[in-house]
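J.: Dropping in entry34.tsv, with TSV, C-alpha atoms.
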chain	number	residue	atom	x	y	z
A	122	MET	CA	-10.27	-45.97	24.79
A	123	ARG	CA	-7.99	-47.96	22.50
A	124	ARG	CA	-4.27	-47.49	22.87
A	125	ILE	CA	-2.41	-45.73	20.08
A	126	ALA	CA	-0.26	-48.24	18.25
A	127	ARG	CA	3.44	-48.05	19.13
A	128	PRO	CA	4.53	-47.38	15.51
A	129	VAL	CA	2.20	-44.36	15.36
A	130	VAL	CA	3.65	-42.99	18.59
A	131	THR	CA	7.14	-43.52	17.21
A	132	VAL	CA	6.28	-41.59	14.06
A	133	ILE	CA	4.75	-38.73	16.07
A	134	ILE	CA	7.81	-38.50	18.33
A	135	GLY	CA	10.10	-38.63	15.31
A	136	LEU	CA	8.22	-35.83	13.57
A	137	ALA	CA	8.33	-33.75	16.76
A	138	ILE	CA	12.08	-34.22	17.00
A	139	LEU	CA	12.52	-33.24	13.36
A	140	PHE	CA	10.36	-30.17	13.89
A	141	VAL	CA	12.40	-29.05	16.90
A	142	ALA	CA	15.64	-29.83	15.09
A	143	ALA	CA	14.56	-27.55	12.22
A	144	PHE	CA	12.84	-24.85	14.30
A	145	VAL	CA	15.70	-24.15	16.71
A	146	PRO	CA	18.42	-23.29	14.16
A	147	LEU	CA	15.98	-21.31	12.02
A	148	SER	CA	14.86	-19.38	15.09
A	149	LEU	CA	18.48	-18.57	15.84
A	150	ALA	CA	19.07	-17.48	12.24
A	151	TYR	CA	15.95	-15.30	12.15
A	152	SER	CA	13.88	-15.09	15.34
A	153	PRO	CA	11.40	-17.35	17.18
A	154	THR	CA	8.60	-14.79	16.69
A	155	TYR	CA	9.25	-14.62	12.95
A	156	MET	CA	9.19	-18.40	12.62
A	157	ILE	CA	5.99	-18.74	14.66
A	158	ARG	CA	4.23	-16.03	12.66
A	159	LEU	CA	5.30	-17.56	9.40
A	160	MET	CA	4.14	-21.05	10.37
A	161	LEU	CA	0.88	-20.12	12.06
A	162	TRP	CA	-0.24	-17.12	9.98
A	163	GLN	CA	1.19	-18.32	6.66
A	164	GLU	CA	0.08	-16.18	3.71
A	165	ALA	CA	-0.89	-12.60	4.49
A	166	ASP	CA	-4.62	-11.90	4.67
A	167	VAL	CA	-6.95	-9.03	5.44
A	168	GLN	CA	-7.39	-10.07	9.07
A	169	ASP	CA	-3.71	-9.60	9.86
A	170	TYR	CA	-4.41	-6.21	11.40
A	171	THR	CA	-6.03	-8.10	14.29
A	172	ARG	CA	-2.83	-10.13	14.83
A	173	PHE	CA	-0.10	-7.51	14.77
A	174	PRO	CA	0.27	-4.95	17.58
A	175	ALA	CA	-0.57	-1.45	16.40
A	176	ARG	CA	-0.14	2.24	17.18
A	177	GLU	CA	-3.36	4.26	17.30
A	178	ILE	CA	-4.04	7.27	15.07
A	179	ALA	CA	-6.66	9.84	16.07
A	180	ALA	CA	-9.42	11.02	13.75
A	181	ALA	CA	-9.81	14.63	12.63
A	182	GLN	CA	-11.48	16.97	15.10
A	183	GLU	CA	-13.50	18.42	12.20
A	184	PRO	CA	-14.46	15.45	10.00
A	185	PHE	CA	-15.20	15.96	6.33
A	186	THR	CA	-18.06	14.03	4.76
A	187	PHE	CA	-18.63	13.53	1.07
A	188	ALA	CA	-22.08	14.68	-0.02
A	189	HIS	CA	-24.71	12.19	-1.09
A	190	ILE	CA	-26.22	12.99	-4.45
A	191	ALA	CA	-29.89	13.99	-4.66
A	192	ASP	CA	-30.78	10.89	-6.67
A	193	PRO	CA	-28.65	8.11	-5.10
A	194	VAL	CA	-30.44	5.30	-6.93
A	195	GLY	CA	-29.98	6.98	-10.29
A	196	ALA	CA	-26.35	7.80	-9.51
A	197	ALA	CA	-25.60	4.21	-8.50
A	198	ASP	CA	-27.30	2.97	-11.67
A	199	ARG	CA	-25.05	5.24	-13.75
A	200	VAL	CA	-22.00	3.66	-12.11
A	201	ARG	CA	-23.41	0.17	-12.71
A	202	GLN	CA	-24.09	1.00	-16.34
A	203	ALA	CA	-20.55	2.27	-16.81
A	204	MET	CA	-19.00	-0.69	-14.99
A	205	ALA	CA	-21.00	-3.24	-16.98
A	206	ALA	CA	-19.09	-2.19	-20.11
A	207	SER	CA	-15.89	-3.67	-18.72
A	208	PRO	CA	-14.96	-7.09	-20.16
A	209	ASN	CA	-13.73	-8.03	-16.69
A	210	VAL	CA	-17.21	-7.55	-15.23
A	211	GLY	CA	-19.44	-9.30	-17.77
A	212	ARG	CA	-22.49	-9.54	-15.52
A	213	ASP	CA	-24.53	-7.56	-13.03
A	214	PRO	CA	-21.94	-5.27	-11.41
A	215	ASP	CA	-23.17	-5.85	-7.85
A	216	THR	CA	-22.99	-9.59	-8.38
A	217	PHE	CA	-19.53	-9.23	-9.90
A	218	LEU	CA	-18.27	-7.22	-6.94
A	219	ALA	CA	-19.64	-9.69	-4.41
A	220	GLU	CA	-18.27	-12.71	-6.27
A	221	ALA	CA	-14.88	-11.00	-6.66
A	222	GLN	CA	-14.57	-11.00	-2.85
A	223	THR	CA	-15.02	-7.24	-2.61
A	224	GLN	CA	-15.56	-5.74	0.83
A	225	ALA	CA	-16.09	-2.10	-0.08
A	226	PHE	CA	-16.64	-0.23	-3.35
A	227	VAL	CA	-17.03	3.54	-3.21
A	228	VAL	CA	-17.26	5.93	-6.17
A	229	VAL	CA	-16.95	9.67	-5.52
A	230	GLN	CA	-17.21	12.39	-8.16
A	231	GLU	CA	-16.94	16.11	-7.47
A	232	ASP	CA	-17.07	15.34	-3.72
A	233	ARG	CA	-20.40	13.52	-4.11
A	234	ILE	CA	-20.88	9.83	-3.45
A	235	LEU	CA	-22.34	8.18	-6.53
A	236	TYR	CA	-22.02	4.61	-5.33
A	237	GLU	CA	-21.19	3.17	-1.91
A	238	ARG	CA	-21.76	-0.50	-1.22
A	239	TYR	CA	-20.31	-3.09	1.12
A	240	PHE	CA	-20.22	-6.83	0.54
A	241	ASN	CA	-19.41	-10.15	2.16
A	242	GLY	CA	-20.30	-9.10	5.69
A	243	PHE	CA	-18.33	-5.85	5.55
A	244	GLU	CA	-19.97	-2.60	6.72
A	245	ARG	CA	-19.20	1.10	6.49
A	246	GLY	CA	-17.63	1.10	9.93
A	247	SER	CA	-15.58	-2.05	9.37
A	248	VAL	CA	-11.80	-1.78	9.45
A	249	ALA	CA	-9.89	-2.44	6.24
A	250	THR	CA	-6.15	-2.94	6.15
A	251	SER	CA	-4.16	-1.12	3.51
A	252	PHE	CA	-1.33	-3.45	2.57
A	253	SER	CA	0.84	-1.44	0.14
A	254	ILE	CA	-1.52	1.51	0.01
A	255	ALA	CA	0.52	2.47	3.09
A	256	LYS	CA	3.46	3.23	0.79
A	257	SER	CA	1.56	6.14	-0.79
A	258	TYR	CA	1.10	7.65	2.68
A	259	VAL	CA	4.81	7.18	3.31
A	260	SER	CA	5.53	9.12	0.12
A	261	ALA	CA	3.32	11.97	1.32
A	262	LEU	CA	5.10	12.04	4.69
A	263	VAL	CA	8.50	12.23	3.00
A	264	GLY	CA	7.29	15.21	0.96
A	265	ILE	CA	6.06	16.92	4.12
A	266	ALA	CA	9.33	16.21	5.95
A	267	ILE	CA	11.29	17.76	3.06
A	268	ARG	CA	9.12	20.87	3.12
A	269	GLU	CA	9.69	21.21	6.87
A	270	GLY	CA	13.44	20.74	6.52
A	271	SER	CA	13.65	17.50	8.48
A	272	ILE	CA	14.90	15.78	5.31
A	273	ARG	CA	17.14	18.00	3.18
A	274	SER	CA	15.90	16.87	-0.21
A	275	ALA	CA	14.86	13.82	-2.19
A	276	ASP	CA	18.33	13.83	-3.76
A	277	GLU	CA	20.05	13.41	-0.40
A	278	PRO	CA	21.97	10.12	0.09
A	279	ILE	CA	20.16	7.87	2.53
A	280	THR	CA	23.44	7.37	4.41
A	281	THR	CA	23.20	10.98	5.59
A	282	TYR	CA	20.53	9.66	7.93
A	283	LEU	CA	21.51	5.98	8.09
A	284	PRO	CA	25.33	6.15	8.29
A	285	GLU	CA	25.69	2.62	9.65
A	286	LEU	CA	24.83	1.28	6.20
A	287	LEU	CA	28.17	2.63	4.97
A	288	GLN	CA	30.00	0.47	7.46
A	289	ARG	CA	28.69	-2.62	5.70
A	290	ASP	CA	28.94	-1.46	2.09
A	291	LYS	CA	30.11	1.88	0.69
A	292	ARG	CA	27.74	1.41	-2.23
A	293	PHE	CA	24.82	2.38	0.01
A	294	GLY	CA	26.20	5.92	-0.19
A	295	ALA	CA	25.07	6.22	-3.81
A	296	ILE	CA	21.41	5.54	-2.99
A	297	THR	CA	19.19	8.60	-2.54
A	298	VAL	CA	15.82	9.14	-0.93
A	299	GLN	CA	14.40	9.45	-4.45
A	300	ASP	CA	15.79	6.05	-5.40
A	301	LEU	CA	13.88	4.48	-2.51
A	302	LEU	CA	10.66	6.26	-3.54
A	303	ASP	CA	11.01	5.15	-7.15
A	304	MET	CA	11.86	1.51	-6.33
A	305	THR	CA	15.18	1.90	-8.16
A	306	SER	CA	17.54	1.59	-5.20
A	307	GLY	CA	19.42	-1.46	-6.48
A	308	ILE	CA	19.02	-3.14	-3.09
A	309	HIS	CA	18.74	-6.92	-3.33
A	310	TYR	CA	15.20	-8.30	-3.19
A	311	ASP	CA	14.09	-11.88	-3.76
A	312	ASP	CA	10.45	-12.77	-3.15
A	313	SER	CA	10.75	-16.38	-4.35
A	314	GLY	CA	11.66	-17.96	-1.03
A	315	PHE	CA	9.48	-18.95	1.92
A	316	ILE	CA	11.43	-18.58	5.15
A	317	ALA	CA	14.35	-16.76	3.51
A	318	GLY	CA	12.18	-14.76	1.08
A	319	ASP	CA	12.26	-10.99	1.39
A	320	ASP	CA	8.48	-10.73	1.09
A	321	SER	CA	8.11	-12.94	4.17
A	322	GLN	CA	10.82	-11.19	6.14
A	323	THR	CA	9.69	-7.62	5.46
A	324	TYR	CA	6.13	-8.60	6.40
A	325	TYR	CA	6.52	-10.89	9.43
A	326	PHE	CA	9.87	-10.01	11.01
A	327	ASP	CA	9.62	-8.69	14.57
A	328	ASP	CA	12.52	-6.22	14.34
A	329	LEU	CA	12.18	-4.42	11.02
A	330	ARG	CA	14.69	-1.73	11.97
A	331	ALA	CA	17.42	-4.36	12.37
A	332	LEU	CA	16.26	-6.17	9.24
A	333	ALA	CA	16.58	-3.02	7.11
A	334	LEU	CA	19.86	-1.85	8.61
A	335	GLU	CA	21.69	-5.15	9.03
A	336	ARG	CA	20.39	-7.60	6.43
A	337	THR	CA	20.00	-5.51	3.29
A	338	ARG	CA	22.63	-5.71	0.58
A	339	VAL	CA	23.29	-3.90	-2.68
A	340	ASP	CA	22.95	-5.75	-5.99
A	341	GLN	CA	23.63	-2.96	-8.47
A	342	PRO	CA	23.98	0.83	-8.74
A	343	PRO	CA	20.77	2.79	-8.18
A	344	ASP	CA	18.56	4.24	-10.89
A	345	GLN	CA	19.23	1.38	-13.31
A	346	ARG	CA	15.91	-0.46	-13.26
A	347	TRP	CA	12.64	-0.61	-11.38
A	348	GLN	CA	12.11	-3.47	-8.93
A	349	TYR	CA	9.32	-3.60	-6.37
A	350	ASN	CA	11.16	-3.81	-3.06
A	351	ASN	CA	9.73	-3.62	0.44
A	352	TYR	CA	13.06	-2.66	2.01
A	353	ASN	CA	12.68	0.77	0.41
A	354	PRO	CA	9.74	1.92	2.59
A	355	LEU	CA	11.38	0.39	5.68
A	356	LEU	CA	14.47	2.53	5.13
A	357	LEU	CA	12.31	5.60	4.52
A	358	GLY	CA	10.48	4.89	7.76
A	359	LEU	CA	13.78	4.86	9.60
A	360	ILE	CA	14.72	8.17	8.00
A	361	LEU	CA	11.37	9.71	8.97
A	362	GLU	CA	11.68	8.43	12.51
A	363	ARG	CA	15.20	9.78	12.97
A	364	THR	CA	14.66	13.15	11.31
A	365	THR	CA	11.31	14.01	12.88
A	366	GLY	CA	11.97	12.50	16.31
A	367	MET	CA	8.54	10.86	16.19
A	368	HIS	CA	7.04	7.46	15.56
A	369	VAL	CA	5.89	7.41	11.95
A	370	ALA	CA	2.25	6.82	12.98
A	371	GLU	CA	2.43	9.90	15.22
A	372	TYR	CA	3.84	11.93	12.35
A	373	LEU	CA	1.07	10.66	10.07
A	374	GLU	CA	-1.55	11.64	12.64
A	375	LEU	CA	-0.13	15.12	13.21
A	376	LYS	CA	0.79	16.08	9.65
A	377	LEU	CA	-1.78	14.31	7.49
A	378	TRP	CA	-4.49	12.08	8.98
A	379	THR	CA	-6.08	14.69	11.23
A	380	ARG	CA	-5.77	17.36	8.54
A	381	ILE	CA	-7.84	15.66	5.83
A	382	GLY	CA	-11.16	15.32	7.59
A	383	THR	CA	-10.95	11.66	8.57
A	384	GLU	CA	-14.11	10.44	10.25
A	385	PHE	CA	-12.70	7.47	12.15
A	386	ARG	CA	-9.72	6.54	14.26
A	387	ALA	CA	-7.11	4.43	12.51
A	388	SER	CA	-3.99	2.49	13.43
A	389	TRP	CA	-0.66	1.39	11.98
A	390	SER	CA	0.45	-2.18	12.54
A	391	LEU	CA	3.81	-2.66	14.25
A	392	ASP	CA	6.48	-5.33	14.05
A	393	SER	CA	6.36	-5.80	17.85
A	394	ASP	CA	4.84	-4.28	20.98
A	395	ASP	CA	5.67	-0.55	20.97
A	396	GLY	CA	7.91	-1.29	18.00
A	397	PHE	CA	8.34	0.03	14.46
A	398	GLU	CA	5.57	0.65	11.95
A	399	LYS	CA	5.47	-1.99	9.24
A	400	MET	CA	5.91	0.80	6.67
A	401	GLU	CA	5.33	-1.33	3.56
A	402	SER	CA	1.79	-2.07	4.78
A	403	GLY	CA	-0.45	-2.00	7.81
A	404	ILE	CA	-2.43	1.25	7.91
A	405	ASN	CA	-5.84	0.15	9.15
A	406	ALA	CA	-8.85	2.39	8.62
A	407	ARG	CA	-12.32	2.67	7.07
A	408	PRO	CA	-12.59	2.80	3.27
A	409	ILE	CA	-14.31	6.18	3.28
A	410	ASP	CA	-11.28	7.71	5.03
A	411	PHE	CA	-8.89	6.11	2.55
A	412	ALA	CA	-10.86	7.96	-0.14
A	413	LYS	CA	-9.65	11.21	1.39
A	414	LEU	CA	-6.06	10.52	0.38
A	415	GLY	CA	-7.40	10.33	-3.18
A	416	ARG	CA	-9.14	13.67	-2.72
A	417	LEU	CA	-5.97	15.22	-1.31
A	418	TYR	CA	-3.91	14.21	-4.36
A	419	LEU	CA	-6.73	15.03	-6.76
A	420	ASN	CA	-6.35	18.58	-5.45
A	421	GLN	CA	-2.52	18.65	-5.72
A	422	GLY	CA	-1.97	18.16	-2.00
A	423	SER	CA	-4.41	20.85	-0.92
A	424	TRP	CA	-7.23	20.21	1.54
A	425	ASN	CA	-9.91	22.89	1.55
A	426	GLY	CA	-7.31	25.60	1.03
A	427	ALA	CA	-4.62	24.21	3.34
A	428	GLN	CA	-1.53	22.80	1.62
A	429	VAL	CA	-1.09	19.51	3.48
A	430	VAL	CA	1.35	17.96	0.97
A	431	PRO	CA	3.55	20.34	-1.05
A	432	ALA	CA	1.87	21.02	-4.39
A	433	ASP	CA	4.95	20.26	-6.47
A	434	TRP	CA	5.49	17.00	-4.57
A	435	ALA	CA	1.89	15.90	-5.06
A	436	LYS	CA	1.96	16.79	-8.75
A	437	ARG	CA	5.24	14.98	-9.36
A	438	SER	CA	3.97	11.94	-7.48
A	439	VAL	CA	1.10	11.24	-9.82
A	440	GLN	CA	2.11	12.52	-13.24
A	441	ALA	CA	3.18	9.99	-15.86
A	442	GLY	CA	6.92	9.38	-15.76
A	443	ASP	CA	9.28	9.01	-18.69
A	444	LYS	CA	11.49	6.23	-17.32
A	445	ARG	CA	9.87	3.51	-19.41
A	446	SER	CA	12.05	4.49	-22.36
A	447	ALA	CA	15.11	3.76	-20.23
A	448	GLY	CA	13.98	0.16	-19.75
A	449	TYR	CA	13.02	0.57	-16.14
A	450	TYR	CA	9.75	-1.36	-16.25
A	451	PRO	CA	8.87	-4.89	-17.33
A	452	SER	CA	6.83	-5.26	-20.51
A	453	SER	CA	3.99	-6.73	-18.45
A	454	LEU	CA	3.05	-3.18	-17.39
A	455	GLN	CA	2.04	-2.31	-20.95
A	456	LYS	CA	-1.74	-2.87	-21.06
A	457	PRO	CA	-4.47	-2.27	-23.68
A	458	TYR	CA	-6.20	0.18	-21.37
A	459	GLY	CA	-3.03	2.14	-20.64
A	460	THR	CA	0.66	2.17	-19.85
A	461	ILE	CA	1.39	1.53	-16.18
A	462	SER	CA	4.34	3.06	-14.37
A	463	HIS	CA	5.30	3.43	-10.72
A	464	GLU	CA	7.25	6.22	-9.04
A	465	MET	CA	7.03	8.02	-5.71
A	466	PHE	CA	5.11	4.99	-4.35
A	467	TRP	CA	2.17	5.75	-6.66
A	468	TRP	CA	0.96	3.81	-9.69
A	469	ARG	CA	0.19	5.82	-12.84
A	470	ILE	CA	-1.99	4.72	-15.76
A	471	ALA	CA	-1.43	6.64	-18.99
A	472	ARG	CA	-4.81	6.06	-20.65
A	473	PRO	CA	-5.39	5.83	-24.42
A	474	ASN	CA	-7.42	9.07	-24.35
A	475	GLY	CA	-4.30	10.96	-23.29
A	476	GLU	CA	-5.37	11.37	-19.67
A	477	VAL	CA	-3.34	10.04	-16.76
A	478	ALA	CA	-5.01	8.32	-13.82
A	479	PHE	CA	-3.17	7.28	-10.68
A	480	SER	CA	-3.68	4.83	-7.86
A	481	ALA	CA	-2.48	3.63	-4.51
A	482	PHE	CA	-2.52	-0.16	-4.64
A	483	GLY	CA	-2.25	-2.91	-2.03
A	484	ASN	CA	-2.14	-6.70	-1.87
A	485	HIS	CA	-5.40	-8.68	-2.13
A	486	GLY	CA	-7.01	-5.88	-4.12
A	487	GLN	CA	-6.95	-2.65	-2.16
A	488	TYR	CA	-7.09	0.46	-4.38
A	489	ILE	CA	-7.51	4.23	-4.23
A	490	PHE	CA	-7.91	5.12	-7.91
A	491	VAL	CA	-8.14	8.73	-9.11
A	492	ALA	CA	-9.10	9.94	-12.61
A	493	PRO	CA	-8.41	13.70	-12.49
A	494	SER	CA	-10.09	14.52	-15.81
A	495	GLU	CA	-13.38	13.14	-14.43
A	496	ARG	CA	-12.76	14.44	-10.88
A	497	LEU	CA	-13.34	10.84	-9.88
A	498	ILE	CA	-12.17	8.73	-6.91
A	499	ILE	CA	-12.82	5.00	-6.71
A	500	VAL	CA	-12.00	2.99	-3.59
A	501	ARG	CA	-12.05	-0.79	-3.69
A	502	PHE	CA	-11.12	-3.04	-0.77
A	503	GLY	CA	-11.39	-6.79	-0.89
A	504	MET	CA	-10.55	-10.09	0.77
A	505	GLU	CA	-8.95	-11.19	-2.50
A	506	TYR	CA	-8.28	-9.68	-5.91
A	507	GLY	CA	-11.09	-11.67	-7.51
A	508	ILE	CA	-9.66	-10.85	-10.95
A	509	PRO	CA	-6.02	-10.31	-12.04
A	510	ALA	CA	-4.59	-7.45	-10.00
A	511	PHE	CA	-3.96	-4.93	-12.79
A	512	ASP	CA	-7.34	-5.70	-14.41
A	513	TRP	CA	-8.95	-3.57	-11.72
A	514	PHE	CA	-7.29	-0.57	-13.37
A	515	GLU	CA	-9.23	-1.48	-16.51
A	516	VAL	CA	-12.48	-1.69	-14.53
A	517	PHE	CA	-11.87	1.69	-12.92
A	518	SER	CA	-10.86	3.29	-16.23
A	519	THR	CA	-14.01	1.90	-17.87
A	520	ILE	CA	-16.12	3.45	-15.12
A	521	ALA	CA	-14.38	6.79	-15.63
A	522	ASP	CA	-14.90	6.65	-19.39
A	523	GLY	CA	-18.52	5.57	-18.98
A	524	LEU	CA	-19.39	8.34	-16.55
A	525	ARG	CA	-17.81	10.93	-18.84
A	526	ASN	CA	-19.76	9.62	-21.82
A	527	LEU	CA	-22.98	9.51	-19.84
A	528	GLU	CA	-22.49	13.13	-18.84
A	529	ASN	CA	-22.05	14.03	-22.50
Could you quickly redo this structure as structure tokens?
T.:
Amino acid sequence: MRRIARPVVTVIIGLAILFVAAFVPLSLAYSPTYMIRLMLWQEADVQDYTRFPAREIAAAQEPFTFAHIADPVGAADRVRQAMAASPNVGRDPDTFLAEAQTQAFVVVQEDRILYERYFNGFERGSVATSFSIAKSYVSALVGIAIREGSIRSADEPITTYLPELLQRDKRFGAITVQDLLDMTSGIHYDDSGFIAGDDSQTYYFDDLRALALERTRVDQPPDQRWQYNNYNPLLLGLILERTTGMHVAEYLELKLWTRIGTEFRASWSLDSDDGFEKMESGINARPIDFAKLGRLYLNQGSWNGAQVVPADWAKRSVQAGDKRSAGYYPSSLQKPYGTISHEMFWWRIARPNGEVAFSAFGNHGQYIFVAPSERLIIVRFGMEYGIPAFDWFEVFSTIADGLRNLEN
């Protein structure tokens, strides 16, 4: 074996020294675990649920199954025909879905499965991670906690439950639970950085409680403008944990997951072993069970006669808001297929036909889309978006329109 040339060895040693010299102070400023995750895992992907520790969530004792329609081939063809009308599809819908890196695509209407297909090695029993779809579950849990009296109201200042924030900045006292839910808290958020970026920290940090309580800062008064901010669900998770006396995953299992007929066990990714739920992401389950959150909100929080989420909370979560006129949202949320808004950790699409659809929505193209006027639920999970993120709302809306027209 030939010896490695001395200059090469010198370069390798020099690079190692530089790496250590950079890693040590950054590890002290953040944490060694955070730095290792950031360097080794890099950009978030759909396999991250296998990397983070997680807290298990039991399935329902009495699972609910959507019915399969008598003519499944004909039903699937109706969905394909409707989807083909979308300018974002432009080819055979099954080919489009596969090429767009889709893992699961499920269409349910009136509790009947019209279309259910899995792609790119994914199967019905495969685990999908939620990314920010988790936020919509957090919203539901807050509504439940308010109904049960654990949280006084959505208008309560967050410092009622997190008083240590006041010790750092009295301005935290003006922020309410509702401000967190509406992404209008005024808390600083900058997703442009790598190591110091808030996206990276809220995703990879190994002590999210400390991150939310000790490293947040206020930029402006609340309720001034909308800004997507992952510190908001972290703070809500802390409030849920303190007021209910339970881990958030346990509260989800007891109050929601086991009450909506879920067929499979699930989990919620944690920041560390036996730590804190990631809150802004990390619910890991099968797509068919994610569809049941859509069914729950399609029925105003009711599940087969039992009011799981308060009806007024569920209705307010998914109805079109009026904050756009106040300049809350960027102009980029105005689309030809509808006006997009976001409150209560749900996305709303005010469609040109006057109807309002709503959706839970997560990174890399995870969606639970509901069109109430068509009694329609569409679930899409993917490895990547495949098309621009908000263009999926156009695809789903086109399917809804097409199915309504086909019925007529």
J.: Do you know which residues are at most 10 Å from Val248 (chain A) counting only C-alpha atoms, after dropping those on the same chain fewer than 4 positions away, and could you put them as a compact mmCIF listing (two decimals) with C-alpha atoms, in the coordinates of the input?
T.:
# COMPACT_ATOMS: atom_id res chain seq x y z
CA VAL A 167 -6.95 -9.03 5.44
CA GLN A 168 -7.39 -10.07 9.07
CA TYR A 170 -4.41 -6.21 11.40
CA THR A 171 -6.03 -8.10 14.29
CA PHE A 243 -18.33 -5.85 5.55
CA GLU A 244 -19.97 -2.60 6.72
CA PHE A 385 -12.70 7.47 12.15
CA ARG A 386 -9.72 6.54 14.26
CA ALA A 387 -7.11 4.43 12.51
CA SER A 388 -3.99 2.49 13.43
CA ILE A 404 -2.43 1.25 7.91
CA ASN A 405 -5.84 0.15 9.15
CA ALA A 406 -8.85 2.39 8.62
CA ARG A 407 -12.32 2.67 7.07
CA PRO A 408 -12.59 2.80 3.27
J.: Which residue is closest to Ala317 (chain A)? Choose from A:Arg336, A:Tyr450, A:Phe514, A:Thr364 and count all atoms listed in the file.
T.: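 Counting all atoms listed in the file, the residue closest to Ala317 (chain A) is A:Arg336.
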J.: Tell me which of A:Glu401, A:Asp166, A:Asp344, A:Asp394 sits closest to Glu505 (chain A), counting only C-alpha atoms.
T.: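 Of the candidates, the smallest distance to Glu505 (chain A) is held by A:Asp166.
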J.: With distances taken over all atoms listed in the file, which residue among A:Trp378, A:Trp468, A:Arg496, A:Val430 lies nearest Gln182 (chain A)?
T.: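 The closest residue to Gln182 (chain A) is A:Trp378.
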J.: If you measure from CA of Ser390 (chain A) to CA of Ile178 (chain A), what distance in Å do you get, rounded to one decimal?
T.: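 If I compute the distance from CA of Ser390 (chain A) to CA of Ile178 (chain A), I get 10.8 Å.
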